[in-house]
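Notes to accompany the following structure.
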Amino acid sequence: MASTDPRSPSGAPNPIEPPRVDPDPADPRSPVAHATERRARRAYELSRIRRALLAASPVLALAAIAALVSPSPTRVVPFAILSFGAATLMVWQSRSMSRAALVGMLAGVVPLALSLAANQWHACGPHGCASHGFSSFCAPACALGGLVAGLGVGVSAHRTRASAPFWIGASTLAWGVGALGCACVGAVGVAGLAVGLLVGVMPTWSVRAARA
Amino acid sequence: MLVPSVGVTLPDPVGLPRPAGTFEREVMTEGPLPRAEIDVWMARLAAGEREVFTLVFEALWPRVFGLCRATLGNDADAADAAQQAMMKLMERAADYDPSRAALPWALAIAAWECRSALRRRTRSREVASSEPEESASHSPTSVDGARTLEANDPESELVRRDLVQRALDAMNELSDVDRATLAATFFDEPTEVVGATLRKRRERAIDRLRAAVRRLYGLD
């Protein structure tokens, strides 16, 4: 019975076997092309991450301002990390989410500015907001800021007929940036901001849901 | 036009003269893929849709590799240059302007990489061709016995001295900046500039040195 082993009995390559031809490197399925694709993909992702970190850096600037103005800078830190991480992730992910990050950042500046302004007027008490709990002015400032931010996010998303991730991403970032200022009011300030944001987003979201 | 920007005469596989721009046309229209499709994929990739990465890569790789192969003349150098080009392309994918055609944009980046590789190769050949002369003249204990004998030969020594004298004469035609740049390049002398500025100065100094040799002796 004939052997199907391509090698000769001595183990040497069969002389009648055709020599193996390396694929043309220009072929996208060649080993060179495969290795290049892996490296190119890594280069693509690294480049996007670098851009995302750069694009998200304004959040750090806002956090620095908030920490300088706020009577309790340590409360700003977790929200700064959260906002910076969210913004980086969104910009890295896609162009539409980059737009959501921009909208969220801009919308978040409203409650941030309102809460910091309220704090500057000593509405939160001379020894910082935390020591006096929330005053009659600070928490409403956060809620009002959240409402305006929510309306901004809603209108922007509605105009561009954005998808659900856009709404969620922009709202989350607006909340994170706003919380940089509202953190000094405490949990009530941050919760007030969230409620205001939800109320602001709700009308345009309802219209979208009704159309869908 | 890509061909003139690459700065080389593209080889013809059958040795027949080809009309200008033939290769460019072939690269631009290679395969059955319509250009508009690449534009759409590239725009999607720029927007962050990773699903089209492989499609874009597979559409561009043969064209980029073909351009590098035609520019550099061998597969090994072409693979290196094409790899660099693809990495640059993907790094800059987010910059891609969807209103422009993707293929010329990609091939312009690839052509730049190929040209850089060609320049690097030319430079390394120049350095390699000058090394044997140096090693023969500076190291009497060279492993290459024939070369050592040649260096010790009085006639060769005279020729060498004549060449050195001619090189020095040509160097005297250059400005102080050019001389300092060449000294920094070939003798590791310290220099006040580094990086791209040094590279540009080096290229210009070498060009002027060539011109001086040509002017003085009528040869390169």
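Residues in the structure tokens are named by chain (A, B, ... in the order shown) and by number from 1 within that chain; ligands are numbered from 1 in the order shown.
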
Test item: residues at most 10 Å from Pro73 (chain A), only C-alpha atoms, excluding those fewer than 3 positions along its chain, as JSON, numbers by chain: {"A": [63, 64, 65, 66, 67, 68, 69, 70, 76, 77, 180, 181, 183, 184]}

Those same residues, written as a tab-separated table (two decimals), in the first residue's frame with C-alpha atoms?
```tsv
chain	number	residue	atom	x	y	z
A	63	ALA	CA	-11.95	70.58	38.10
A	64	ALA	CA	-8.91	72.68	39.04
A	65	ILE	CA	-11.03	75.83	39.05
A	66	ALA	CA	-13.70	74.10	41.11
A	67	ALA	CA	-11.10	72.82	43.58
A	68	LEU	CA	-9.61	76.32	43.94
A	69	VAL	CA	-12.97	77.99	44.51
A	70	SER	CA	-14.64	75.25	46.54
A	76	VAL	CA	-14.17	67.55	43.82
A	77	VAL	CA	-11.63	64.76	43.20
A	180	LEU	CA	-17.64	69.41	40.48
A	181	GLY	CA	-19.35	72.52	41.83
A	183	ALA	CA	-20.16	68.46	45.52
A	184	CYS	CA	-19.49	71.06	48.18
```

- request: Output as a list in words the set of chain A residues within 6 Å of chain B, with distances taken over only C-alpha atoms.
  value: Ala26, Pro28, Thr36, Ala40, Ala43, Tyr44, Ser47, Ser94 and Arg95 of chain A

Residue neighbourhood region 111-121 of chain B, 7 Å, only C-alpha atoms, exclusion window fewer than 5 positions, as number ranges by chain: B: 6, 68, 71-72, 81, 84-85

Okay, now the selection with C-alpha atoms, as an mmCIF file, in the first residue's frame?
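Done, and the output landed in selection.cif:
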```cif
data_model
loop_
_atom_site.group_PDB
_atom_site.id
_atom_site.type_symbol
_atom_site.label_atom_id
_atom_site.label_comp_id
_atom_site.auth_asym_id
_atom_site.auth_seq_id
_atom_site.Cartn_x
_atom_site.Cartn_y
_atom_site.Cartn_z
ATOM 1 C CA VAL B 6 8.132 60.266 -5.242
ATOM 2 C CA CYS B 68 6.553 51.117 -2.110
ATOM 3 C CA THR B 71 9.670 53.039 -5.492
ATOM 4 C CA LEU B 72 12.197 50.915 -3.615
ATOM 5 C CA ALA B 81 8.163 51.162 4.174
ATOM 6 C CA GLN B 84 5.462 52.374 8.339
ATOM 7 C CA ALA B 85 3.080 53.975 5.866
#
```

- prompt: Residues at most 10 Å from region 173-179 of chain A, counting only C-alpha atoms, excluding those fewer than 4 positions away in the same chain, as a VMD selection string?
  reply: chain A and resid 59 to 60 62 to 63 66 75 to 76 78 to 87 90 100 to 116 142 to 143 145 to 146 149 to 150 152 to 153 168 to 169 183 to 187 189 to 198

task: Excluding Arg100 (chain B) and any residue of its chain fewer than 5 positions from it, enumerate the residues within 10 Å of it, using only C-alpha atoms, and give them as a PyMOL selection string.
output: chain B and resi 39+43+105
